file structure.pdb (PDB, C-alpha atoms)
ATOM      1  CA  MET A   1     188.593  61.563 385.839
ATOM      2  CA  HIS A   2     186.031  62.546 383.204
ATOM      3  CA  THR A   3     187.649  65.078 380.847
ATOM      4  CA  LYS A   4     184.731  67.527 381.036
ATOM      5  CA  LEU A   5     184.867  67.467 384.836
ATOM      6  CA  LEU A   6     188.615  68.029 384.800
ATOM      7  CA  PHE A   7     188.191  70.976 382.448
ATOM      8  CA  SER A   8     185.543  72.451 384.723
ATOM      9  CA  ILE A   9     187.629  72.118 387.874
ATOM     10  CA  VAL A  10     190.632  73.732 386.211
ATOM     11  CA  ALA A  11     188.464  76.546 384.840
ATOM     12  CA  LEU A  12     186.821  77.252 388.184
ATOM     13  CA  PHE A  13     190.058  77.400 390.135
ATOM     14  CA  SER A  14     191.743  79.492 387.457
ATOM     15  CA  VAL A  15     189.064  82.172 387.821
ATOM     16  CA  PHE A  16     188.686  82.515 391.583
ATOM     17  CA  ALA A  17     188.014  80.660 394.813
ATOM     18  CA  VAL A  18     184.243  80.430 395.183
ATOM     19  CA  SER A  19     183.278  82.627 398.115
ATOM     20  CA  GLY A  20     179.717  81.455 398.674
ATOM     21  CA  SER A  21     178.799  85.084 399.407
ATOM     22  CA  PHE A  22     175.424  84.976 397.638
ATOM     23  CA  ALA A  23     173.115  84.092 400.517
ATOM     24  CA  GLN A  24     170.163  85.795 398.835
ATOM     25  CA  GLU A  25     171.204  85.749 395.203
ATOM     26  CA  SER A  26     168.879  87.294 392.670
ATOM     27  CA  GLN A  27     168.851  85.839 389.179
ATOM     28  CA  LEU A  28     168.516  88.533 386.570
ATOM     29  CA  ILE A  29     168.610  86.445 383.387
ATOM     30  CA  ARG A  30     169.475  83.104 381.807
ATOM     31  CA  PHE A  31     170.467  82.799 378.156
ATOM     32  CA  GLY A  32     172.087  80.274 375.828
ATOM     33  CA  LEU A  33     175.262  80.604 373.730
ATOM     34  CA  ILE A  34     176.751  78.533 370.926
ATOM     35  CA  THR A  35     179.593  79.352 368.547
ATOM     36  CA  ASP A  36     181.494  78.117 365.495
ATOM     37  CA  VAL A  37     179.078  75.540 364.079
ATOM     38  CA  HIS A  38     180.680  75.876 360.594
ATOM     39  CA  TRP A  39     177.728  74.260 358.813
ATOM     40  CA  SER A  40     178.343  73.335 355.159
ATOM     41  CA  ASP A  41     178.383  70.290 352.898
ATOM     42  CA  ARG A  42     182.044  69.609 353.671
ATOM     43  CA  ILE A  43     183.064  66.271 355.140
ATOM     44  CA  ASP A  44     184.678  65.943 358.561
ATOM     45  CA  ASP A  45     188.409  66.586 358.833
ATOM     46  CA  LEU A  46     188.887  63.306 360.732
ATOM     47  CA  LYS A  47     186.980  60.034 360.958
ATOM     48  CA  VAL A  48     187.890  59.562 364.632
ATOM     49  CA  ILE A  49     187.216  61.875 367.567
ATOM     50  CA  SER A  50     189.986  64.212 368.707
ATOM     51  CA  MET A  51     190.677  66.124 371.903
ATOM     52  CA  ASN A  52     192.478  68.645 369.686
ATOM     53  CA  ALA A  53     190.023  71.419 368.760
ATOM     54  CA  VAL A  54     191.572  72.079 365.327
ATOM     55  CA  PRO A  55     189.798  69.337 363.272
ATOM     56  CA  ARG A  56     186.282  70.293 362.202
ATOM     57  CA  TYR A  57     183.395  67.818 362.399
ATOM     58  CA  ARG A  58     180.896  69.603 360.185
ATOM     59  CA  THR A  59     178.503  66.775 359.382
ATOM     60  CA  GLY A  60     176.957  66.899 362.863
ATOM     61  CA  GLY A  61     176.157  70.612 362.680
ATOM     62  CA  LEU A  62     172.431  70.403 361.918
ATOM     63  CA  ALA A  63     171.716  67.769 364.557
ATOM     64  CA  LYS A  64     173.780  69.491 367.222
ATOM     65  CA  THR A  65     172.164  72.873 366.560
ATOM     66  CA  GLU A  66     168.694  71.340 366.692
ATOM     67  CA  THR A  67     169.562  69.663 369.988
ATOM     68  CA  PHE A  68     170.845  72.989 371.338
ATOM     69  CA  ALA A  69     167.693  74.887 370.333
ATOM     70  CA  LEU A  70     165.344  72.314 371.854
ATOM     71  CA  ALA A  71     167.444  72.118 375.032
ATOM     72  CA  MET A  72     167.205  75.902 375.400
ATOM     73  CA  ASN A  73     163.401  75.641 375.194
ATOM     74  CA  LYS A  74     163.441  73.163 378.072
ATOM     75  CA  ALA A  75     165.865  75.337 380.030
ATOM     76  CA  ASN A  76     163.479  78.286 379.645
ATOM     77  CA  VAL A  77     166.249  80.731 378.741
ATOM     78  CA  LYS A  78     165.363  84.309 377.813
ATOM     79  CA  PHE A  79     167.154  84.251 374.454
ATOM     80  CA  ILE A  80     169.889  82.441 372.538
ATOM     81  CA  ALA A  81     172.848  83.794 370.559
ATOM     82  CA  GLU A  82     175.373  82.254 368.218
ATOM     83  CA  LEU A  83     178.766  83.925 368.148
ATOM     84  CA  GLY A  84     179.769  83.563 364.508
ATOM     85  CA  ASP A  85     181.097  81.174 361.881
ATOM     86  CA  PHE A  86     177.634  79.694 361.680
ATOM     87  CA  THR A  87     178.414  78.577 358.114
ATOM     88  CA  ASP A  88     181.447  77.507 356.094
ATOM     89  CA  ASP A  89     182.577  77.159 352.479
ATOM     90  CA  PRO A  90     181.149  74.611 350.005
ATOM     91  CA  MET A  91     183.081  71.416 349.472
ATOM     92  CA  ASN A  92     183.275  71.750 345.673
ATOM     93  CA  THR A  93     185.923  74.434 345.149
ATOM     94  CA  SER A  94     185.564  74.201 341.347
ATOM     95  CA  LEU A  95     182.096  75.797 341.363
ATOM     96  CA  ASP A  96     181.782  79.237 339.798
ATOM     97  CA  PHE A  97     181.059  82.145 342.126
ATOM     98  CA  ASP A  98     177.290  82.255 341.621
ATOM     99  CA  LYS A  99     176.964  78.573 342.524
ATOM    100  CA  LYS A 100     179.200  78.988 345.566
ATOM    101  CA  ARG A 101     177.120  81.944 346.703
ATOM    102  CA  SER A 102     173.923  79.969 346.174
ATOM    103  CA  ALA A 103     175.372  77.077 348.172
ATOM    104  CA  VAL A 104     176.370  79.163 351.208
ATOM    105  CA  LEU A 105     173.026  80.973 351.191
ATOM    106  CA  GLY A 106     171.480  77.519 351.380
ATOM    107  CA  PHE A 107     173.745  76.530 354.284
ATOM    108  CA  ALA A 108     172.701  79.666 356.170
ATOM    109  CA  GLN A 109     169.016  78.935 355.571
ATOM    110  CA  GLU A 110     169.372  75.303 356.682
ATOM    111  CA  ILE A 111     171.212  76.000 359.918
ATOM    112  CA  GLU A 112     169.007  78.997 360.784
ATOM    113  CA  ALA A 113     165.957  76.745 360.471
ATOM    114  CA  LYS A 114     167.400  74.530 363.215
ATOM    115  CA  LEU A 115     168.206  77.496 365.462
ATOM    116  CA  ALA A 116     164.650  78.766 364.875
ATOM    117  CA  LEU A 117     163.315  75.718 366.746
ATOM    118  CA  PHE A 118     164.006  77.811 369.834
ATOM    119  CA  SER A 119     160.754  79.541 370.730
ATOM    120  CA  GLY A 120     162.243  82.876 371.877
ATOM    121  CA  PRO A 121     164.458  85.602 370.395
ATOM    122  CA  ARG A 122     167.681  84.541 368.720
ATOM    123  CA  TYR A 123     170.656  86.714 367.901
ATOM    124  CA  HIS A 124     173.697  86.414 365.660
ATOM    125  CA  VAL A 125     177.263  87.660 365.769
ATOM    126  CA  LEU A 126     178.947  87.759 362.386
ATOM    127  CA  GLY A 127     182.003  85.528 361.931
ATOM    128  CA  ASN A 128     184.720  85.694 359.294
ATOM    129  CA  HIS A 129     183.468  82.574 357.503
ATOM    130  CA  ASP A 130     179.910  83.890 357.308
ATOM    131  CA  THR A 131     180.827  86.180 354.399
ATOM    132  CA  ASP A 132     183.276  84.005 352.472
ATOM    133  CA  PHE A 133     180.956  83.970 349.444
ATOM    134  CA  MET A 134     178.306  86.408 350.651
ATOM    135  CA  SER A 135     178.002  90.047 351.575
ATOM    136  CA  LYS A 136     176.780  91.105 355.013
ATOM    137  CA  GLU A 137     173.518  92.105 353.342
ATOM    138  CA  ASP A 138     173.203  88.551 351.968
ATOM    139  CA  THR A 139     173.735  87.109 355.433
ATOM    140  CA  ALA A 140     171.093  89.415 356.899
ATOM    141  CA  THR A 141     168.463  87.932 354.563
ATOM    142  CA  LYS A 142     168.932  84.486 356.136
ATOM    143  CA  LEU A 143     169.828  85.110 359.803
ATOM    144  CA  LYS A 144     167.265  86.836 362.046
ATOM    145  CA  ASN A 145     168.378  89.022 364.969
ATOM    146  CA  GLY A 146     165.429  89.307 367.322
ATOM    147  CA  THR A 147     163.690  92.607 366.617
ATOM    148  CA  VAL A 148     166.820  94.788 366.515
ATOM    149  CA  SER A 149     169.359  95.760 363.893
ATOM    150  CA  GLY A 150     172.368  97.997 363.477
ATOM    151  CA  PRO A 151     173.293 100.415 360.699
ATOM    152  CA  GLU A 152     172.642  99.120 357.196
ATOM    153  CA  GLY A 153     175.261  96.589 356.111
ATOM    154  CA  SER A 154     176.571  96.114 359.650
ATOM    155  CA  TYR A 155     176.224  93.476 362.320
ATOM    156  CA  TYR A 156     176.634  95.593 365.448
ATOM    157  CA  TYR A 157     173.665  96.446 367.621
ATOM    158  CA  SER A 158     172.488  96.314 371.228
ATOM    159  CA  PHE A 159     169.422  95.442 373.278
ATOM    160  CA  ASN A 160     168.272  95.302 376.888
ATOM    161  CA  SER A 161     166.838  92.232 378.562
ATOM    162  CA  ALA A 162     165.942  91.665 382.220
ATOM    163  CA  GLY A 163     168.000  94.595 383.447
ATOM    164  CA  VAL A 164     171.145  93.718 381.486
ATOM    165  CA  HIS A 165     172.449  95.592 378.437
ATOM    166  CA  PHE A 166     173.799  93.360 375.650
ATOM    167  CA  VAL A 167     176.137  94.680 372.955
ATOM    168  CA  ILE A 168     176.917  92.758 369.773
ATOM    169  CA  LEU A 169     180.111  93.888 368.037
ATOM    170  CA  ASP A 170     181.037  93.363 364.403
ATOM    171  CA  ALA A 171     184.784  92.936 363.871
ATOM    172  CA  GLU A 172     184.414  91.793 360.250
ATOM    173  CA  TYR A 173     186.192  94.801 358.738
ATOM    174  CA  THR A 174     189.599  95.114 357.109
ATOM    175  CA  SER A 175     192.251  97.494 358.448
ATOM    176  CA  LYS A 176     191.136  99.913 355.714
ATOM    177  CA  GLY A 177     187.627  99.943 357.177
ATOM    178  CA  SER A 178     185.971  97.906 354.427
ATOM    179  CA  PRO A 179     183.323  95.406 355.526
ATOM    180  CA  TYR A 180     184.231  91.782 354.847
ATOM    181  CA  SER A 181     182.607  90.646 351.620
ATOM    182  CA  GLY A 182     182.727  87.519 349.512
ATOM    183  CA  ILE A 183     181.494  89.431 346.469
ATOM    184  CA  PRO A 184     184.325  89.714 343.895
ATOM    185  CA  ASN A 185     185.739  93.208 343.321
ATOM    186  CA  SER A 186     183.845  94.707 346.262
ATOM    187  CA  PRO A 187     185.898  96.889 348.676
ATOM    188  CA  GLY A 188     186.110  94.187 351.338
ATOM    189  CA  SER A 189     186.740  91.203 349.074
ATOM    190  CA  GLY A 190     189.859  89.141 349.566
ATOM    191  CA  TYR A 191     189.857  89.780 353.305
ATOM    192  CA  SER A 192     192.042  87.720 355.659
ATOM    193  CA  TRP A 193     190.995  86.229 358.991
ATOM    194  CA  GLU A 194     194.211  87.761 360.370
ATOM    195  CA  ASP A 195     192.901  91.266 359.629
ATOM    196  CA  SER A 196     189.807  91.772 361.793
ATOM    197  CA  ASN A 197     189.044  95.273 363.014
ATOM    198  CA  ILE A 198     186.358  97.391 364.617
ATOM    199  CA  PRO A 199     186.292 100.626 362.591
ATOM    200  CA  SER A 200     186.146 104.143 364.012
ATOM    201  CA  ALA A 201     182.432 104.615 363.332
ATOM    202  CA  GLU A 202     181.609 101.494 365.313
ATOM    203  CA  LEU A 203     183.931 102.533 368.145
ATOM    204  CA  GLU A 204     182.135 105.875 368.352
ATOM    205  CA  TRP A 205     178.789 104.074 368.323
ATOM    206  CA  LEU A 206     180.046 101.833 371.145
ATOM    207  CA  LYS A 207     181.039 104.824 373.304
ATOM    208  CA  ASN A 208     177.631 106.414 372.831
ATOM    209  CA  ASP A 209     175.771 103.163 373.388
ATOM    210  CA  LEU A 210     177.552 102.421 376.670
ATOM    211  CA  SER A 211     176.858 105.931 377.960
ATOM    212  CA  ALA A 212     173.130 105.688 377.272
ATOM    213  CA  ASP A 213     172.111 103.958 380.530
ATOM    214  CA  LYS A 214     173.511 102.491 383.758
ATOM    215  CA  ALA A 215     172.635  98.806 383.332
ATOM    216  CA  PRO A 216     175.378  96.159 383.641
ATOM    217  CA  VAL A 217     176.772  95.185 380.236
ATOM    218  CA  ILE A 218     177.631  91.907 378.501
ATOM    219  CA  ILE A 219     179.519  92.011 375.189
ATOM    220  CA  PHE A 220     179.357  89.486 372.330
ATOM    221  CA  CYS A 221     181.964  89.440 369.547
ATOM    222  CA  HIS A 222     183.260  86.711 367.235
ATOM    223  CA  GLN A 223     187.010  87.320 367.516
ATOM    224  CA  PRO A 224     188.606  87.699 370.962
ATOM    225  CA  LEU A 225     189.199  91.205 372.282
ATOM    226  CA  ASN A 226     191.959  90.141 374.677
ATOM    227  CA  PRO A 227     195.626  89.076 374.267
ATOM    228  CA  LEU A 228     195.012  85.427 375.071
ATOM    229  CA  GLU A 229     198.615  84.564 374.153
ATOM    230  CA  GLN A 230     199.558  85.950 377.568
ATOM    231  CA  VAL A 231     197.940  82.915 379.224
ATOM    232  CA  ASP A 232     197.845  80.352 376.381
ATOM    233  CA  PRO A 233     201.189  79.654 374.658
ATOM    234  CA  LEU A 234     199.388  77.940 371.748
ATOM    235  CA  TYR A 235     197.292  80.994 370.953
ATOM    236  CA  ASP A 236     198.055  82.845 367.718
ATOM    237  CA  PHE A 237     197.728  86.575 368.383
ATOM    238  CA  HIS A 238     196.298  87.054 364.881
ATOM    239  CA  ASN A 239     193.028  85.650 366.245
ATOM    240  CA  THR A 240     192.558  88.824 368.296
ATOM    241  CA  VAL A 241     190.868  91.911 366.845
ATOM    242  CA  ARG A 242     193.661  94.215 365.704
ATOM    243  CA  ASP A 243     192.408  97.310 367.528
ATOM    244  CA  ALA A 244     191.328  95.366 370.603
ATOM    245  CA  ASP A 245     193.274  97.728 372.873
ATOM    246  CA  ALA A 246     191.042 100.620 371.783
ATOM    247  CA  VAL A 247     187.917  98.534 372.322
ATOM    248  CA  ARG A 248     189.007  97.431 375.803
ATOM    249  CA  SER A 249     189.736 101.035 376.731
ATOM    250  CA  ILE A 250     186.149 101.992 375.908
ATOM    251  CA  LEU A 251     184.774  99.011 377.843
ATOM    252  CA  GLU A 252     186.910  99.802 380.890
ATOM    253  CA  LYS A 253     186.031 103.505 380.917
ATOM    254  CA  SER A 254     182.320 102.658 380.938
ATOM    255  CA  GLY A 255     182.792 100.893 384.287
ATOM    256  CA  ARG A 256     179.791  98.674 383.591
ATOM    257  CA  VAL A 257     181.044  95.703 381.557
ATOM    258  CA  LEU A 258     180.787  92.356 383.338
ATOM    259  CA  VAL A 259     182.026  89.909 380.729
ATOM    260  CA  VAL A 260     182.963  89.614 377.046
ATOM    261  CA  PHE A 261     181.963  86.375 375.272
ATOM    262  CA  THR A 262     183.696  85.439 372.007
ATOM    263  CA  GLY A 263     184.352  82.439 369.752
ATOM    264  CA  HIS A 264     186.741  82.040 366.776
ATOM    265  CA  TYR A 265     189.589  80.335 368.681
ATOM    266  CA  HIS A 266     188.266  76.786 368.809
ATOM    267  CA  ASP A 267     190.150  75.745 371.950
ATOM    268  CA  GLY A 268     188.491  78.486 373.998
ATOM    269  CA  GLY A 269     190.076  80.308 376.896
ATOM    270  CA  TYR A 270     189.720  82.723 379.793
ATOM    271  CA  GLN A 271     191.424  85.931 380.856
ATOM    272  CA  GLN A 272     190.616  88.749 383.262
ATOM    273  CA  ILE A 273     191.837  92.254 382.444
ATOM    274  CA  ASN A 274     191.200  95.253 384.690
ATOM    275  CA  GLY A 275     188.197  93.590 386.268
ATOM    276  CA  ILE A 276     186.467  92.523 383.035
ATOM    277  CA  HIS A 277     186.138  88.791 382.304
ATOM    278  CA  TYR A 278     186.966  87.610 378.770
ATOM    279  CA  VAL A 279     185.585  84.153 377.923
ATOM    280  CA  THR A 280     186.292  82.511 374.572
ATOM    281  CA  LEU A 281     183.856  79.643 374.167
ATOM    282  CA  GLN A 282     184.913  76.335 372.618
ATOM    283  CA  ALA A 283     183.814  75.558 369.079
ATOM    284  CA  ASN A 284     180.684  73.505 368.531
ATOM    285  CA  VAL A 285     182.344  71.999 365.441
ATOM    286  CA  ALA A 286     185.234  70.565 367.490
ATOM    287  CA  TYR A 287     185.987  67.140 369.019
ATOM    288  CA  GLY A 288     183.364  64.982 367.242
ATOM    289  CA  ASN A 289     179.748  64.663 366.112
ATOM    290  CA  ASP A 290     177.961  63.166 369.109
ATOM    291  CA  VAL A 291     174.949  65.436 369.784
ATOM    292  CA  SER A 292     175.534  65.152 373.524
ATOM    293  CA  TYR A 293     179.187  64.566 374.327
ATOM    294  CA  HIS A 294     180.609  66.737 371.510
ATOM    295  CA  ASN A 295     177.900  69.411 371.479
ATOM    296  CA  GLN A 296     179.603  72.494 372.919
ATOM    297  CA  TYR A 297     177.217  75.195 374.098
ATOM    298  CA  SER A 298     176.533  77.080 377.331
ATOM    299  CA  ILE A 299     173.764  78.333 379.570
ATOM    300  CA  VAL A 300     174.750  81.627 381.198
ATOM    301  CA  GLU A 301     173.061  82.877 384.356
ATOM    302  CA  VAL A 302     173.555  86.373 385.740
ATOM    303  CA  GLU A 303     172.885  86.927 389.447
ATOM    304  CA  ALA A 304     173.062  90.186 391.365
ATOM    305  CA  GLU A 305     173.190  91.299 394.972
ATOM    306  CA  ASN A 306     173.287  95.082 395.094
ATOM    307  CA  GLN A 307     176.220  95.942 392.799
ATOM    308  CA  HIS A 308     177.897  92.539 393.120
ATOM    309  CA  TYR A 309     177.370  90.289 390.090
ATOM    310  CA  ARG A 310     177.969  86.601 389.572
ATOM    311  CA  ILE A 311     178.020  85.085 386.083
ATOM    312  CA  LEU A 312     177.622  81.309 385.953
ATOM    313  CA  VAL A 313     178.652  79.640 382.691
ATOM    314  CA  SER A 314     177.405  76.046 382.569
ATOM    315  CA  GLY A 315     179.019  74.222 379.675
ATOM    316  CA  HIS A 316     177.527  71.323 377.728
ATOM    317  CA  GLY A 317     179.596  68.776 375.846
ATOM    318  CA  LEU A 318     183.265  69.607 376.326
ATOM    319  CA  GLN A 319     182.645  73.295 376.972
ATOM    320  CA  LYS A 320     184.290  74.415 380.223
ATOM    321  CA  ASP A 321     182.318  75.829 383.139
ATOM    322  CA  TYR A 322     183.110  79.201 384.707
ATOM    323  CA  ILE A 323     181.997  81.088 387.782
ATOM    324  CA  LEU A 324     182.838  84.775 387.434
ATOM    325  CA  GLU A 325     182.345  87.630 389.894
ATOM    326  CA  ARG A 326     182.395  91.363 389.322
ATOM    327  CA  ASP A 327     181.660  94.414 391.472
ATOM    328  CA  LEU A 328     180.390  97.566 389.782
ATOM    329  CA  ALA A 329     180.463 101.050 391.270
ATOM    330  CA  LYS A 330     177.123 102.478 392.354
TER     331      LYS A 330
END
call {"tool": "encode", "arguments": {"input": "structure.pdb", "output": "C-alpha cells"}}
result
Amino acid sequence: MHTKLLFSIVALFSVFAVSGSFAQESQLIRFGLITDVHWSDRIDDLKVISMNAVPRYRTGGLAKTETFALAMNKANVKFIAELGDFTDDPMNTSLDFDKKRSAVLGFAQEIEAKLALFSGPRYHVLGNHDTDFMSKEDTATKLKNGTVSGPEGSYYYSFNSAGVHFVILDAEYTSKGSPYSGIPNSPGSGYSWEDSNIPSAELEWLKNDLSADKAPVIIFCHQPLNPLEQVDPLYDFHNTVRDADAVRSILEKSGRVLVVFTGHYHDGGYQQINGIHYVTLQANVAYGNDVSYHNQYSIVEVEAENQHYRILVSGHGLQKDYILERDLAK
C-alpha cells in the first residue's frame, strides 16, 4: 500500500469513525498551511530519501515553497500560513556574527519571496530557528503578516476571516520571559529550544482576545501545546511549550476552540484533549527534496452545520490527512 495512503487511513481511524452527518454542509473557509521549511545554504543531512523525519533536506526548500504557493493560488484558498522554522543557520559556522546575521536575513528574504507568489494574505508563526542570529524585530522586516501585527517585538496576534477567529501564538520566550534573540548579550540570547514559553502578558492578551467575540477559534503555534508523549513514545516532552497546561486551560475555558495547529516536531502527531483537537503537522524539510512526493503541506477546510464543525485536513506529500469534528455550545 502507498505509504501516504496508509498514513491517511491510520490518521482517520485514530481520530473518529466518519459519521457522514453533514447532509447540507456549509464551508466557511479554506486555507493552506506549511511548516518547518528550514531554508538556508546548508546541505542536506542525507543523500538518500528517508522515512525518518529527523534528517533535513534543506536544498529543496525554495522549490517546494514556490510549488506550495502556486498550488494554493490554484486551490483558491483564503490565506496561507507557515508555522515557524522558516529559516535555519548558515553552513559556515566560522563566520563572525555580523556575517551570520546578514546571511540569515538573506535566507528570510529569499524564502519569503517564494511564499509571496501566493496572491492572497500570508501569515507567519515564529519558530525557534527563526531568531538564531536575528532578533524578532529583524525577522519582522523580512516576513509579512497580512495586515495585522501584535505588540512591538512580538509575534502574537489574531484576525478574523470568513466567520472564524484565528489566533497566532508566540512561544519564543525563555522561562524568564525574555524574547528569543540571536543578538549577543541581549536578554534572550543563548536561548534553548527546550525552554519555550508563553509569558504572562501574552496569556493575559489571549484571555482577552478569546473573550472579544463568539466566533469559532483556530490556534496556530510553532511548538506543540499538548503532551504528545502520551500517545507517541518517541516524542521528547521538551518539544512542548513549558506552560502549555496554562495555555490549554485558557483555550478550554473559552469553549470556542476547534483545533490547534503546530509544527516543530518533524514527525507530526495528533491528540484530542477535552474536546480540542491538537494537530502537529509534518515538517516540509523532511523525507526528501521531491517537490511533489516530499512536499509536506496541507489544505484545511472548515465546515459548519449549526454549532457542529468539521475540519478537513488534506495533506500533500507525506503529510497525513485528518477529519476532525467538534460541537460548540450555542
call {"tool": "closest_residue", "arguments": {"input": "structure.pdb", "among": "A:Ile43, A:Ala63, A:Ala75, A:Leu115", "to": "Asp89 (chain A)", "atoms": "only C-alpha atoms"}}
result
A:Ile43
call {"tool": "residues_around", "arguments": {"input": "structure.pdb", "residues": "Ile168 (chain A)", "least_positions_apart": "6", "cutoff": "10 Å", "atoms": "all atoms listed in the file", "output": "PDB file with C-alpha atoms, in the frame of the given file"}}
result
ATOM      1  CA  ALA A  81     172.848  83.794 370.559  1.00  0.00           C
ATOM      2  CA  LEU A  83     178.766  83.925 368.148  1.00  0.00           C
ATOM      3  CA  TYR A 123     170.656  86.714 367.901  1.00  0.00           C
ATOM      4  CA  HIS A 124     173.697  86.414 365.660  1.00  0.00           C
ATOM      5  CA  VAL A 125     177.263  87.660 365.769  1.00  0.00           C
ATOM      6  CA  LEU A 126     178.947  87.759 362.386  1.00  0.00           C
ATOM      7  CA  GLY A 150     172.368  97.997 363.477  1.00  0.00           C
ATOM      8  CA  TYR A 155     176.224  93.476 362.320  1.00  0.00           C
ATOM      9  CA  TYR A 156     176.634  95.593 365.448  1.00  0.00           C
ATOM     10  CA  TYR A 157     173.665  96.446 367.621  1.00  0.00           C
ATOM     11  CA  SER A 158     172.488  96.314 371.228  1.00  0.00           C
ATOM     12  CA  PHE A 159     169.422  95.442 373.278  1.00  0.00           C
ATOM     13  CA  LEU A 206     180.046 101.833 371.145  1.00  0.00           C
ATOM     14  CA  ILE A 218     177.631  91.907 378.501  1.00  0.00           C
ATOM     15  CA  ILE A 219     179.519  92.011 375.189  1.00  0.00           C
ATOM     16  CA  PHE A 220     179.357  89.486 372.330  1.00  0.00           C
ATOM     17  CA  CYS A 221     181.964  89.440 369.547  1.00  0.00           C
ATOM     18  CA  HIS A 222     183.260  86.711 367.235  1.00  0.00           C
ATOM     19  CA  VAL A 260     182.963  89.614 377.046  1.00  0.00           C
ATOM     20  CA  PHE A 261     181.963  86.375 375.272  1.00  0.00           C
TER      21      PHE A 261
END
call {"tool": "residues_around", "arguments": {"input": "structure.pdb", "residues": "Ser119 (chain A)", "least_positions_apart": "3", "cutoff": "10 Å", "atoms": "all atoms listed in the file", "output": "list in words"}}
result
Ala69, Leu70, Met72, Asn73, Asn76, Val77, Lys78, Phe79, Ile80, Leu115, Ala116 and Arg122 of chain A
call {"tool": "write_last_selection", "arguments": {"input": "structure.pdb", "atoms": "C-alpha atoms", "output": "PDB file, keeping the file's coordinate frame"}}
result
ATOM      1  CA  ALA A  69     167.693  74.887 370.333  1.00  0.00           C
ATOM      2  CA  LEU A  70     165.344  72.314 371.854  1.00  0.00           C
ATOM      3  CA  MET A  72     167.205  75.902 375.400  1.00  0.00           C
ATOM      4  CA  ASN A  73     163.401  75.641 375.194  1.00  0.00           C
ATOM      5  CA  ASN A  76     163.479  78.286 379.645  1.00  0.00           C
ATOM      6  CA  VAL A  77     166.249  80.731 378.741  1.00  0.00           C
ATOM      7  CA  LYS A  78     165.363  84.309 377.813  1.00  0.00           C
ATOM      8  CA  PHE A  79     167.154  84.251 374.454  1.00  0.00           C
ATOM      9  CA  ILE A  80     169.889  82.441 372.538  1.00  0.00           C
ATOM     10  CA  LEU A 115     168.206  77.496 365.462  1.00  0.00           C
ATOM     11  CA  ALA A 116     164.650  78.766 364.875  1.00  0.00           C
ATOM     12  CA  ARG A 122     167.681  84.541 368.720  1.00  0.00           C
TER      13      ARG A 122
END
call {"tool": "atom_distance", "arguments": {"input": "structure.pdb", "atom1": "CA of Thr174 (chain A)", "atom2": "CA of Asp130 (chain A)"}}
result
14.8 Å
call {"tool": "closest_residue", "arguments": {"input": "structure.pdb", "among": "A:Leu95, A:Ala215, A:Ala329, A:Val164", "to": "Leu28 (chain A)", "atoms": "only C-alpha atoms"}}
result
A:Val164
call {"tool": "atom_distance", "arguments": {"input": "structure.pdb", "atom1": "CA of Pro224 (chain A)", "atom2": "CA of His316 (chain A)"}}
result
20.9 Å
call {"tool": "closest_residue", "arguments": {"input": "structure.pdb", "among": "A:Glu229, A:Asp195, A:Glu66, A:Asp96", "to": "Gly268 (chain A)", "atoms": "all atoms listed in the file"}}
result
A:Glu229
call {"tool": "atom_distance", "arguments": {"input": "structure.pdb", "atom1": "CA of Val37 (chain A)", "atom2": "CA of Glu202 (chain A)"}}
result
26.1 Å
call {"tool": "resolve_selection", "arguments": {"input": "structure.pdb", "expression": "the PyMOL selection byres ((chain A and resi 85) around 10)", "output": "ChimeraX atom specification"}}
result
/A:35-39,82-84,86-88,124-131,222,263-264,283,285
call {"tool": "resolve_selection", "arguments": {"input": "structure.pdb", "expression": "the PyMOL selection byres ((chain A and resi 309) around 9)", "output": "VMD selection string"}}
result
chain A and resid 216 258 302 to 308 310 to 311 324 to 328
call {"tool": "residues_around", "arguments": {"input": "structure.pdb", "residues": "region 179-191 of chain A", "least_positions_apart": "5", "cutoff": "8 Å", "atoms": "only C-alpha atoms", "output": "short mmCIF file (atom, residue, chain, number, x, y, z; two decimals) with C-alpha atoms, keeping the file's coordinate frame"}}
result
data_model
loop_
_atom_site.label_atom_id
_atom_site.label_comp_id
_atom_site.auth_asym_id
_atom_site.auth_seq_id
_atom_site.Cartn_x
_atom_site.Cartn_y
_atom_site.Cartn_z
CA ASN A 128 184.72 85.69 359.29
CA THR A 131 180.83 86.18 354.40
CA ASP A 132 183.28 84.00 352.47
CA PHE A 133 180.96 83.97 349.44
CA MET A 134 178.31 86.41 350.65
CA SER A 135 178.00 90.05 351.58
CA LYS A 136 176.78 91.10 355.01
CA SER A 154 176.57 96.11 359.65
CA GLU A 172 184.41 91.79 360.25
CA TYR A 173 186.19 94.80 358.74
CA THR A 174 189.60 95.11 357.11
#
call {"tool": "closest_residue", "arguments": {"input": "structure.pdb", "among": "A:Ala201, A:Ala162, A:Leu143, A:Ile34", "to": "Ser178 (chain A)", "atoms": "all atoms listed in the file"}}
result
A:Ala201
call {"tool": "closest_residue", "arguments": {"input": "structure.pdb", "among": "A:Arg56, A:Arg256, A:Arg42, A:His238", "to": "His277 (chain A)", "atoms": "only C-alpha atoms"}}
result
A:Arg256
call {"tool": "decode", "arguments": {"input": "structure.pdb", "residues": "region 273-278 of chain A", "atoms": "N, CA and C atoms", "output": "short mmCIF file (atom, residue, chain, number, x, y, z; two decimals), in the first residue's frame"}}
result
data_model
loop_
_atom_site.label_atom_id
_atom_site.label_comp_id
_atom_site.auth_asym_id
_atom_site.auth_seq_id
_atom_site.Cartn_x
_atom_site.Cartn_y
_atom_site.Cartn_z
N ILE A 273 -7.76 16.60 23.46
CA ILE A 273 -7.81 16.83 24.90
C ILE A 273 -9.01 17.70 25.22
N ASN A 274 -9.92 17.16 26.01
CA ASN A 274 -11.11 17.90 26.44
C ASN A 274 -11.84 18.56 25.27
N GLY A 275 -11.97 17.79 24.20
CA GLY A 275 -12.74 18.24 23.05
C GLY A 275 -11.96 19.00 22.00
N ILE A 276 -10.79 19.54 22.35
CA ILE A 276 -10.00 20.33 21.40
C ILE A 276 -9.03 19.41 20.66
N HIS A 277 -8.95 19.55 19.34
CA HIS A 277 -8.03 18.78 18.52
C HIS A 277 -6.67 19.47 18.47
N TYR A 278 -5.61 18.70 18.64
CA TYR A 278 -4.24 19.21 18.55
C TYR A 278 -3.53 18.46 17.41
#
